[in-house]
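Peer 1: My structure file entry-v4.pdb, PDB, C-alpha atoms, is below:
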ATOM      1  CA  MET A   1      25.470 -56.471  58.123
ATOM      2  CA  ASN A   2      24.741 -58.279  61.373
ATOM      3  CA  GLN A   3      21.402 -58.305  63.163
ATOM      4  CA  SER A   4      22.459 -55.948  65.949
ATOM      5  CA  THR A   5      23.523 -53.326  63.399
ATOM      6  CA  THR A   6      20.138 -53.608  61.689
ATOM      7  CA  VAL A   7      18.349 -53.138  65.009
ATOM      8  CA  GLN A   8      20.483 -50.085  65.831
ATOM      9  CA  GLN A   9      19.761 -48.512  62.449
ATOM     10  CA  THR A  10      16.042 -49.199  62.776
ATOM     11  CA  ALA A  11      16.008 -47.612  66.231
ATOM     12  CA  ALA A  12      17.915 -44.596  64.904
ATOM     13  CA  ASN A  13      15.254 -44.082  62.231
ATOM     14  CA  GLN A  14      12.413 -44.073  64.762
ATOM     15  CA  PRO A  15      11.045 -40.632  65.701
ATOM     16  CA  ALA A  16      12.138 -39.521  69.172
ATOM     17  CA  ALA A  17       9.596 -40.273  71.897
ATOM     18  CA  ASN A  18       7.639 -37.213  72.949
ATOM     19  CA  PRO A  19       8.588 -36.601  76.605
ATOM     20  CA  ASN A  20       5.431 -34.564  77.189
ATOM     21  CA  LYS A  21       3.252 -37.423  75.983
ATOM     22  CA  ALA A  22       5.177 -39.880  78.173
ATOM     23  CA  LEU A  23       4.770 -37.611  81.212
ATOM     24  CA  TRP A  24       0.978 -37.338  80.936
ATOM     25  CA  GLU A  25       0.453 -40.983  80.002
ATOM     26  CA  LYS A  26       2.388 -41.956  83.111
ATOM     27  CA  GLY A  27       0.178 -42.957  86.014
ATOM     28  CA  ASP A  28      -3.511 -42.142  85.660
ATOM     29  CA  PHE A  29      -4.468 -38.474  85.869
ATOM     30  CA  THR A  30      -8.166 -39.408  85.983
ATOM     31  CA  ARG A  31      -7.619 -40.245  89.670
ATOM     32  CA  ILE A  32      -6.621 -36.612  90.283
ATOM     33  CA  ALA A  33      -9.286 -35.259  87.931
ATOM     34  CA  GLU A  34     -12.002 -36.882  90.058
ATOM     35  CA  THR A  35     -11.259 -34.238  92.712
ATOM     36  CA  MET A  36     -11.531 -31.438  90.122
ATOM     37  CA  ARG A  37     -15.002 -32.143  88.687
ATOM     38  CA  GLU A  38     -17.028 -29.723  90.806
ATOM     39  CA  SER A  39     -14.784 -26.717  90.220
ATOM     40  CA  GLY A  40     -14.490 -27.626  86.542
ATOM     41  CA  ALA A  41     -18.267 -27.457  86.154
ATOM     42  CA  GLU A  42     -18.409 -24.179  88.109
ATOM     43  CA  LEU A  43     -15.774 -22.606  85.868
ATOM     44  CA  VAL A  44     -17.556 -23.727  82.692
ATOM     45  CA  ALA A  45     -20.907 -22.414  83.974
ATOM     46  CA  ASP A  46     -19.311 -18.948  84.112
ATOM     47  CA  LEU A  47     -18.255 -18.912  80.439
ATOM     48  CA  GLY A  48     -21.617 -18.030  78.883
ATOM     49  CA  ILE A  49     -21.842 -21.215  76.838
ATOM     50  CA  THR A  50     -24.902 -21.455  74.604
ATOM     51  CA  LYS A  51     -26.439 -24.328  72.662
ATOM     52  CA  GLY A  52     -24.656 -25.019  69.380
ATOM     53  CA  LEU A  53     -21.422 -23.185  70.319
ATOM     54  CA  ASN A  54     -18.366 -24.857  68.765
ATOM     55  CA  LEU A  55     -15.848 -25.376  71.558
ATOM     56  CA  LEU A  56     -12.327 -26.768  71.620
ATOM     57  CA  ASP A  57     -10.958 -27.953  74.978
ATOM     58  CA  LEU A  58      -7.190 -28.146  74.617
ATOM     59  CA  GLY A  59      -5.266 -30.339  77.039
ATOM     60  CA  CYS A  60      -8.676 -31.614  78.091
ATOM     61  CA  GLY A  61      -7.654 -34.653  80.137
ATOM     62  CA  ASP A  62     -10.649 -36.922  80.567
ATOM     63  CA  GLY A  63     -13.184 -34.122  80.261
ATOM     64  CA  THR A  64     -13.270 -32.143  83.503
ATOM     65  CA  THR A  65     -14.358 -29.044  81.561
ATOM     66  CA  ALA A  66     -15.323 -30.632  78.225
ATOM     67  CA  ILE A  67     -18.129 -32.774  79.670
ATOM     68  CA  PRO A  68     -19.900 -29.919  81.530
ATOM     69  CA  ALA A  69     -19.570 -27.710  78.421
ATOM     70  CA  ALA A  70     -21.268 -30.394  76.331
ATOM     71  CA  LYS A  71     -24.040 -30.703  78.931
ATOM     72  CA  LEU A  72     -24.695 -26.983  78.418
ATOM     73  CA  GLY A  73     -25.251 -27.648  74.707
ATOM     74  CA  ALA A  74     -21.861 -26.832  73.143
ATOM     75  CA  ASN A  75     -20.429 -28.992  70.364
ATOM     76  CA  VAL A  76     -17.200 -29.999  72.090
ATOM     77  CA  LEU A  77     -13.967 -31.401  70.762
ATOM     78  CA  GLY A  78     -11.469 -32.356  73.474
ATOM     79  CA  VAL A  79      -7.831 -32.674  72.412
ATOM     80  CA  ASP A  80      -5.125 -34.128  74.617
ATOM     81  CA  ILE A  81      -1.657 -35.540  74.028
ATOM     82  CA  ALA A  82      -2.211 -38.527  76.327
ATOM     83  CA  ARG A  83      -3.938 -41.485  74.678
ATOM     84  CA  ASN A  84      -5.170 -42.964  77.963
ATOM     85  CA  LEU A  85      -6.912 -39.696  78.897
ATOM     86  CA  VAL A  86      -8.520 -39.389  75.456
ATOM     87  CA  GLU A  87      -9.857 -42.935  75.797
ATOM     88  CA  ALA A  88     -11.151 -42.168  79.307
ATOM     89  CA  GLY A  89     -12.846 -38.989  78.032
ATOM     90  CA  ASN A  90     -14.617 -40.836  75.239
ATOM     91  CA  ARG A  91     -15.819 -43.434  77.735
ATOM     92  CA  ARG A  92     -17.188 -40.705  80.013
ATOM     93  CA  ALA A  93     -18.976 -38.959  77.124
ATOM     94  CA  GLN A  94     -20.488 -42.247  75.975
ATOM     95  CA  LYS A  95     -21.624 -43.083  79.502
ATOM     96  CA  GLU A  96     -23.277 -39.655  79.785
ATOM     97  CA  GLY A  97     -24.952 -40.146  76.384
ATOM     98  CA  LEU A  98     -23.268 -37.010  75.011
ATOM     99  CA  THR A  99     -23.195 -37.282  71.218
ATOM    100  CA  ASN A 100     -21.983 -33.647  71.032
ATOM    101  CA  CYS A 101     -18.661 -34.372  72.803
ATOM    102  CA  THR A 102     -15.702 -36.256  71.341
ATOM    103  CA  PHE A 103     -12.067 -36.607  72.336
ATOM    104  CA  GLN A 104      -9.017 -37.141  70.150
ATOM    105  CA  GLU A 105      -5.239 -37.182  70.459
ATOM    106  CA  GLY A 106      -3.395 -34.055  69.455
ATOM    107  CA  ASP A 107      -0.484 -31.764  70.239
ATOM    108  CA  ALA A 108      -1.230 -28.211  71.393
ATOM    109  CA  THR A 109       1.853 -26.955  69.549
ATOM    110  CA  ASP A 110       0.589 -28.254  66.193
ATOM    111  CA  LEU A 111      -3.149 -28.851  65.867
ATOM    112  CA  GLN A 112      -2.954 -30.820  62.648
ATOM    113  CA  GLY A 113      -6.289 -31.368  60.943
ATOM    114  CA  LEU A 114      -8.128 -28.580  62.761
ATOM    115  CA  PRO A 115      -9.192 -25.903  60.261
ATOM    116  CA  ASP A 116      -8.528 -22.197  60.713
ATOM    117  CA  HIS A 117     -11.225 -20.168  62.515
ATOM    118  CA  SER A 118     -13.346 -23.243  63.290
ATOM    119  CA  PHE A 119     -14.194 -22.681  66.977
ATOM    120  CA  ASP A 120     -16.242 -20.030  68.760
ATOM    121  CA  LEU A 121     -14.489 -20.729  72.050
ATOM    122  CA  VAL A 122     -11.151 -22.379  72.821
ATOM    123  CA  ILE A 123     -10.511 -23.267  76.452
ATOM    124  CA  SER A 124      -7.503 -24.769  78.151
ATOM    125  CA  ILE A 125      -7.677 -25.170  81.902
ATOM    126  CA  PHE A 126      -4.275 -26.286  83.263
ATOM    127  CA  GLY A 127      -3.678 -28.097  79.968
ATOM    128  CA  ALA A 128      -1.883 -26.263  77.154
ATOM    129  CA  MET A 129       0.317 -24.482  79.707
ATOM    130  CA  PHE A 130       2.277 -27.740  80.046
ATOM    131  CA  ALA A 131       3.019 -28.062  76.317
ATOM    132  CA  PRO A 132       6.471 -27.038  75.095
ATOM    133  CA  LYS A 133       6.929 -24.183  72.583
ATOM    134  CA  PRO A 134       4.491 -21.690  74.167
ATOM    135  CA  PHE A 135       4.599 -19.322  71.200
ATOM    136  CA  ASP A 136       3.448 -22.169  68.957
ATOM    137  CA  VAL A 137       0.668 -22.986  71.440
ATOM    138  CA  ALA A 138      -0.586 -19.375  71.387
ATOM    139  CA  ARG A 139      -0.387 -19.259  67.597
ATOM    140  CA  GLU A 140      -2.386 -22.465  67.209
ATOM    141  CA  MET A 141      -5.072 -21.381  69.670
ATOM    142  CA  VAL A 142      -5.515 -18.103  67.798
ATOM    143  CA  ARG A 143      -5.477 -19.848  64.402
ATOM    144  CA  VAL A 144      -8.378 -22.176  65.192
ATOM    145  CA  THR A 145     -10.534 -19.485  66.873
ATOM    146  CA  ARG A 146     -12.959 -17.580  64.661
ATOM    147  CA  SER A 147     -12.868 -13.786  64.441
ATOM    148  CA  GLY A 148     -14.993 -12.505  67.320
ATOM    149  CA  GLY A 149     -14.446 -15.720  69.277
ATOM    150  CA  ARG A 150     -12.695 -16.183  72.607
ATOM    151  CA  ILE A 151      -9.827 -18.074  74.166
ATOM    152  CA  VAL A 152      -9.935 -18.804  77.907
ATOM    153  CA  MET A 153      -6.948 -20.279  79.726
ATOM    154  CA  GLY A 154      -6.508 -21.290  83.340
ATOM    155  CA  ASN A 155      -2.824 -21.250  84.309
ATOM    156  CA  TRP A 156      -1.048 -21.926  87.580
ATOM    157  CA  ILE A 157       1.040 -19.027  88.907
ATOM    158  CA  PRO A 158       4.765 -19.333  89.704
ATOM    159  CA  GLY A 159       5.621 -18.708  93.336
ATOM    160  CA  ASP A 160       1.978 -18.753  94.382
ATOM    161  CA  PRO A 161       1.597 -20.104  97.939
ATOM    162  CA  THR A 162      -1.357 -22.380  97.108
ATOM    163  CA  LEU A 163      -1.362 -26.092  96.351
ATOM    164  CA  VAL A 164      -0.365 -26.798  92.759
ATOM    165  CA  ALA A 165       2.357 -24.165  92.431
ATOM    166  CA  GLN A 166       3.851 -25.461  95.674
ATOM    167  CA  ILE A 167       3.631 -29.136  94.618
ATOM    168  CA  LEU A 168       5.550 -28.319  91.433
ATOM    169  CA  LYS A 169       8.045 -26.119  93.295
ATOM    170  CA  ILE A 170       8.769 -28.757  95.952
ATOM    171  CA  SER A 171       8.942 -31.565  93.378
ATOM    172  CA  SER A 172      11.403 -29.650  91.195
ATOM    173  CA  ALA A 173      13.853 -29.453  94.109
ATOM    174  CA  TYR A 174      14.136 -33.265  94.091
ATOM    175  CA  THR A 175      14.379 -33.855  90.331
ATOM    176  CA  PRO A 176      17.364 -33.390  87.990
ATOM    177  CA  PRO A 177      17.586 -30.015  86.246
ATOM    178  CA  PRO A 178      15.475 -29.809  83.071
ATOM    179  CA  PRO A 179      17.125 -30.136  79.656
ATOM    180  CA  GLU A 180      18.675 -27.108  77.995
ATOM    181  CA  GLY A 181      16.041 -24.941  76.341
ATOM    182  CA  PHE A 182      13.255 -26.070  78.673
ATOM    183  CA  ILE A 183      10.644 -23.360  79.275
ATOM    184  CA  SER A 184       8.768 -23.669  82.560
ATOM    185  CA  PRO A 185       5.003 -24.158  82.109
ATOM    186  CA  MET A 186       4.527 -21.861  85.097
ATOM    187  CA  LEU A 187       5.543 -18.876  82.947
ATOM    188  CA  TRP A 188       2.022 -19.026  81.483
ATOM    189  CA  GLY A 189       0.989 -17.671  84.886
ATOM    190  CA  VAL A 190       2.898 -14.404  84.301
ATOM    191  CA  GLU A 191       0.782 -11.743  82.599
ATOM    192  CA  SER A 192       3.612 -10.163  80.591
ATOM    193  CA  ASN A 193       4.521 -13.546  79.099
ATOM    194  CA  VAL A 194       0.913 -14.199  78.096
ATOM    195  CA  VAL A 195       0.715 -10.781  76.395
ATOM    196  CA  GLU A 196       3.984 -11.431  74.543
ATOM    197  CA  ARG A 197       2.956 -14.914  73.378
ATOM    198  CA  PHE A 198      -0.454 -13.901  72.087
ATOM    199  CA  GLY A 199       1.049 -10.686  70.699
ATOM    200  CA  LYS A 200       3.283 -12.756  68.412
ATOM    201  CA  ALA A 201       0.097 -14.505  67.269
ATOM    202  CA  GLY A 202      -1.436 -11.171  66.273
ATOM    203  CA  ILE A 203      -3.489 -10.312  69.374
ATOM    204  CA  ALA A 204      -3.289  -6.727  70.672
ATOM    205  CA  PRO A 205      -2.649  -6.322  74.420
ATOM    206  CA  GLU A 206      -6.003  -4.610  74.986
ATOM    207  CA  LYS A 207      -7.740  -7.773  73.748
ATOM    208  CA  ILE A 208      -6.277  -9.775  76.661
ATOM    209  CA  SER A 209      -7.646  -9.618  80.196
ATOM    210  CA  PHE A 210      -6.643 -11.302  83.435
ATOM    211  CA  VAL A 211      -8.226 -12.190  86.737
ATOM    212  CA  ARG A 212      -6.974 -14.230  89.653
ATOM    213  CA  ASP A 213      -9.447 -16.997  90.306
ATOM    214  CA  THR A 214      -9.771 -19.972  92.656
ATOM    215  CA  TYR A 215     -10.047 -23.656  91.787
ATOM    216  CA  THR A 216     -10.930 -26.022  94.616
ATOM    217  CA  PHE A 217      -9.901 -29.664  94.835
ATOM    218  CA  ARG A 218     -12.569 -31.612  96.728
ATOM    219  CA  ALA A 219     -12.273 -35.215  97.859
ATOM    220  CA  PRO A 220     -14.170 -37.560 100.194
ATOM    221  CA  PHE A 221     -10.894 -38.696 101.748
ATOM    222  CA  SER A 222      -8.052 -37.294 103.827
ATOM    223  CA  PRO A 223      -5.292 -34.962 102.619
ATOM    224  CA  SER A 224      -2.829 -37.863 103.148
ATOM    225  CA  GLU A 225      -4.816 -40.040 100.748
ATOM    226  CA  PHE A 226      -4.998 -37.113  98.323
ATOM    227  CA  LEU A 227      -1.204 -36.842  98.423
ATOM    228  CA  ASN A 228      -0.986 -40.586  97.858
ATOM    229  CA  ARG A 229      -2.961 -40.127  94.646
ATOM    230  CA  PHE A 230      -0.477 -37.523  93.414
ATOM    231  CA  LYS A 231       2.393 -39.801  94.379
ATOM    232  CA  THR A 232       0.836 -42.775  92.581
ATOM    233  CA  TYR A 233      -0.896 -41.231  89.562
ATOM    234  CA  TYR A 234       0.419 -37.702  88.766
ATOM    235  CA  GLY A 235       3.386 -37.786  86.374
ATOM    236  CA  PRO A 236       5.438 -34.857  87.788
ATOM    237  CA  THR A 237       5.035 -36.077  91.390
ATOM    238  CA  MET A 238       5.781 -39.675  90.372
ATOM    239  CA  ASN A 239       9.009 -38.479  88.729
ATOM    240  CA  ALA A 240       9.946 -36.491  91.830
ATOM    241  CA  PHE A 241       9.539 -39.511  94.100
ATOM    242  CA  GLU A 242      11.508 -41.744  91.718
ATOM    243  CA  ALA A 243      14.382 -39.255  91.705
ATOM    244  CA  ALA A 244      14.181 -38.732  95.481
ATOM    245  CA  GLU A 245      14.258 -42.499  96.033
ATOM    246  CA  LYS A 246      17.531 -42.755  94.107
ATOM    247  CA  ASN A 247      19.034 -39.978  96.223
ATOM    248  CA  GLY A 248      17.762 -41.359  99.524
ATOM    249  CA  LYS A 249      15.476 -38.364  99.989
ATOM    250  CA  ALA A 250      12.028 -39.919  99.484
ATOM    251  CA  MET A 251      11.130 -39.552 103.174
ATOM    252  CA  GLU A 252      12.099 -35.888 103.080
ATOM    253  CA  LEU A 253       9.932 -35.262 100.012
ATOM    254  CA  GLN A 254       7.044 -37.164 101.604
ATOM    255  CA  ARG A 255       7.313 -35.054 104.750
ATOM    256  CA  GLU A 256       7.337 -31.763 102.834
ATOM    257  CA  LEU A 257       4.311 -32.704 100.772
ATOM    258  CA  GLU A 258       2.394 -34.102 103.774
ATOM    259  CA  GLU A 259       2.868 -30.780 105.533
ATOM    260  CA  LEU A 260       1.740 -28.892 102.425
ATOM    261  CA  PHE A 261      -1.430 -30.930 101.860
ATOM    262  CA  ASN A 262      -2.463 -30.869 105.510
ATOM    263  CA  SER A 263      -1.827 -27.155 105.976
ATOM    264  CA  GLN A 264      -3.770 -26.238 102.818
ATOM    265  CA  ASN A 265      -6.829 -28.340 103.615
ATOM    266  CA  LYS A 266      -9.810 -26.108 104.507
ATOM    267  CA  SER A 267     -12.324 -28.890 105.140
ATOM    268  CA  SER A 268     -13.854 -28.903 108.626
ATOM    269  CA  GLN A 269     -14.864 -32.571 108.341
ATOM    270  CA  ASP A 270     -12.470 -35.326 109.301
ATOM    271  CA  GLY A 271     -11.465 -37.587 106.441
ATOM    272  CA  THR A 272     -12.360 -35.088 103.723
ATOM    273  CA  THR A 273     -10.311 -32.650 101.697
ATOM    274  CA  SER A 274     -11.087 -29.201 100.305
ATOM    275  CA  ILE A 275      -8.055 -27.326  99.024
ATOM    276  CA  PRO A 276      -8.451 -24.030  97.125
ATOM    277  CA  ALA A 277      -5.717 -23.122  94.649
ATOM    278  CA  THR A 278      -5.188 -19.748  92.986
ATOM    279  CA  PHE A 279      -4.780 -19.546  89.215
ATOM    280  CA  LEU A 280      -4.541 -16.902  86.500
ATOM    281  CA  ARG A 281      -7.617 -16.826  84.305
ATOM    282  CA  VAL A 282      -6.789 -15.423  80.862
ATOM    283  CA  THR A 283      -9.429 -14.250  78.391
ATOM    284  CA  VAL A 284      -8.431 -13.399  74.812
ATOM    285  CA  GLN A 285     -10.854 -11.727  72.410
ATOM    286  CA  CYS A 286     -10.016 -12.735  68.853
TER     287      CYS A 286
END
Please, can you express the file's structure as structure tokens?
Peer 2:
Amino acid sequence: MNQSTTVQQTAANQPAANPNKALWEKGDFTRIAETMRESGAELVADLGITKGLNLLDLGCGDGTTAIPAAKLGANVLGVDIARNLVEAGNRRAQKEGLTNCTFQEGDATDLQGLPDHSFDLVISIFGAMFAPKPFDVAREMVRVTRSGGRIVMGNWIPGDPTLVAQILKISSAYTPPPPEGFISPMLWGVESNVVERFGKAGIAPEKISFVRDTYTFRAPFSPSEFLNRFKTYYGPTMNAFEAAEKNGKAMELQRELEELFNSQNKSSQDGTTSIPATFLRVTVQC
């Protein structure tokens, strides 16, 4: 057996790379998350968090909602698929002196090592919606929530005219079609899908409520610089520009996104950005 054959066999025995992990480890989402801190804290302040509450933040990034929850006294575990974001979250918690907040790697479709019924509150704000196998995600969230506990999700809405839904819509027009069997994360923003997914996990429809809410991105720089951050650090937008570059359409994509970011900016101060985005807030009573 020659060396090349050995290498090929070794490679064949390796587990397939997780494309979702690769997507969110691409770039540096913390540079986007910096514009989300204020709204993250506002959202958490509205959840009725009390001292000693056991909280799981799923798809937590570097702690946009986990850190404020810990500051309110919850015992917080943040779980994210991206190693770089987990490391960044632990650094932030350490810097804040929060001994009640830790971050670890994990997959929302299979929360290995997390016991049944171990959390009073499970939150996922624009996180678990991006995981594949949505029925598995719903099942796992329900499994780890105690009876009488709550699940709160924030999900972007397909076709919504505000920022994030439009970024993803525009970007998808420049990227190759997704693989067979791909389920759009935006379907978490459709109420009937949410009811079906949690229904399969044993939650009755009357235990699920919805409200359309607003999340505002705030930045001390221009909308053009904000777009540049997406282009440089946000995995889906990075992929869109790479694909557009190959097809000679990068300028066209840039122009579309520039128009979007500028038109959505509500800040009255030059050189600053304030862009509200509509999302579906889901509350599940377990």
Peer 1: Can you tell me, as a short mmCIF file (atom, residue, chain, number, x, y, z; two decimals) with C-alpha atoms, in the coordinates of the input, what residues are no more than 10 Å from A:Asn228 when counting all atoms listed in the file, ignoring any on the same chain fewer than 5 positions away?
Peer 2:
data_model
loop_
_atom_site.label_atom_id
_atom_site.label_comp_id
_atom_site.auth_asym_id
_atom_site.auth_seq_id
_atom_site.Cartn_x
_atom_site.Cartn_y
_atom_site.Cartn_z
CA SER A 222 -8.05 -37.29 103.83
CA PRO A 223 -5.29 -34.96 102.62
CA TYR A 233 -0.90 -41.23 89.56
CA TYR A 234 0.42 -37.70 88.77
CA THR A 237 5.04 -36.08 91.39
CA GLN A 254 7.04 -37.16 101.60
CA LEU A 257 4.31 -32.70 100.77
CA GLU A 258 2.39 -34.10 103.77
#
Peer 1: Could you tell me, as number ranges by chain, exactly which residues end up selected when the PyMOL selection byres ((chain A and resi 283) around 9) is applied to this structure?
Peer 2: A: 150-153, 207-211, 281-282, 284-285
Peer 1: Quick check, in Å to one decimal: how far apart do atom CA of A:Trp188 and atom CA of A:Pro176 lie?
Peer 2: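 Between these atoms lies a distance of 22.0 Å.
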Peer 1: Evaluated on this file, the PyMOL selection byres ((chain A and resi 100-102) around 9) picks out some residues - which ones are they, written as an MDAnalysis selection string?
Peer 2: chainID A and resid 66:67 69:71 73:79 86 89:90 93:94 97:99 103:104
Peer 1: I'd like the interatomic distance between atom CA of A:Glu25 and atom CA of A:Arg83, to a tenth of an Å.
Peer 2: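 So the answer is 6.9 Å.
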Peer 1: Using atom CA of A:Ala131 and atom CA of A:Arg143 as the two end points, give the distance in Å to one decimal.
Peer 2: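 Computed distance, atom CA of A:Ala131 to atom CA of A:Arg143, equals 16.8 Å.
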Peer 1: For the file shown, report as number ranges by chain the outcome of the PyMOL selection byres ((chain A and resi 241) around 12) at residue level.
Peer 2: A: 167, 170-176, 227-228, 230-240, 242-257
Peer 1: Choose the residue, out of A:Leu23, A:Leu168, A:Val194, A:Leu280, that has the smallest atom-to-atom separation from A:Arg212; count all atoms listed in the file.
Peer 2: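 Distance minimum relative to A:Arg212 lands on A:Leu280.
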Peer 1: Using all atoms listed in the file and a cutoff of 10 Å, can you tell me which residues are near (-6.5, -27.8, 104.3) in the file's coordinates, and write them out as an MDAnalysis selection string?
Peer 2: chainID A and resid 163 222:223 259:268 272:276
Peer 1: Identify which of the residues A:Pro132, A:Thr216, A:Glu225, A:Cys286 lies closest to A:Gly148, counting all atoms listed in the file when measuring atom-to-atom distances.
Peer 2: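 Once distances to A:Gly148 are computed over all atoms listed in the file, the minimum belongs to A:Cys286.
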Peer 1: Hey, which of A:Arg139, A:Lys26, A:Lys133, A:Arg146 ends up closest to A:Leu121? Count only C-alpha atoms.
Peer 2: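 Of A:Arg139, A:Lys26, A:Lys133, A:Arg146, the one nearest A:Leu121 is A:Arg146, counting only C-alpha atoms.
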Peer 1: Got a sec: who's within 7 Å of A:Leu58, counting only C-alpha atoms, leaving out chain neighbours fewer than 2 positions off, as number ranges by chain?
Peer 2: A: 56, 60, 78-80, 108, 123-124, 127-128
Peer 1: How would the residues just picked look written out with C-alpha atoms as a PDB file, keeping the file's coordinate frame?
Peer 2:
ATOM      1  CA  LEU A  56     -12.327 -26.768  71.620  1.00  0.00           C
ATOM      2  CA  CYS A  60      -8.676 -31.614  78.091  1.00  0.00           C
ATOM      3  CA  GLY A  78     -11.469 -32.356  73.474  1.00  0.00           C
ATOM      4  CA  VAL A  79      -7.831 -32.674  72.412  1.00  0.00           C
ATOM      5  CA  ASP A  80      -5.125 -34.128  74.617  1.00  0.00           C
ATOM      6  CA  ALA A 108      -1.230 -28.211  71.393  1.00  0.00           C
ATOM      7  CA  ILE A 123     -10.511 -23.267  76.452  1.00  0.00           C
ATOM      8  CA  SER A 124      -7.503 -24.769  78.151  1.00  0.00           C
ATOM      9  CA  GLY A 127      -3.678 -28.097  79.968  1.00  0.00           C
ATOM     10  CA  ALA A 128      -1.883 -26.263  77.154  1.00  0.00           C
TER      11      ALA A 128
END
Peer 1: Kindly indicate which residue among A:Arg229, A:Gly181, A:Asn193, A:Ile49 lies nearest to A:Gly27, using all atoms listed in the file for the distances.
Peer 2: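 Selected residue with least distance to A:Gly27: A:Arg229.
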Peer 1: Using only C-alpha atoms, which of the listed residues (A:Val195, A:Ala22, A:Met141, A:Ile81) sits closest to A:Ser118?
Peer 2: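 Closest residue, counting only C-alpha atoms: A:Met141.
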Peer 1: Please identify every residue of stretch 149-238 of chain A that has at least one atom no farther than 10 Å from an atom of stretch 36-43 of chain A, counting all atoms listed in the file, and for each give the shortest atom pair and the distance in Å to one decimal, arranged by chain then increasing number, as a tab-separated table.
Peer 2:
residue	atom	partner	partner_atom	distance
A:Gly154	CA	A:Leu43	CA	9.7
A:Asp213	CA	A:Leu43	CA	9.5
A:Thr214	CA	A:Ser39	CA	8.7
A:Tyr215	CA	A:Ser39	CA	5.9
A:Thr216	CA	A:Ser39	CA	5.9
A:Phe217	CA	A:Met36	CA	5.3
A:Arg218	CA	A:Met36	CA	6.7
A:Ala219	CA	A:Met36	CA	8.6
Peer 1: Can you work out which one of A:Val144, A:Val122, A:Leu187, A:Leu85 has the shortest atom-to-atom distance to A:Ala165, counting all atoms listed in the file?
Peer 2: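 With all atoms listed in the file as the atom set, the closest residue is A:Leu187.
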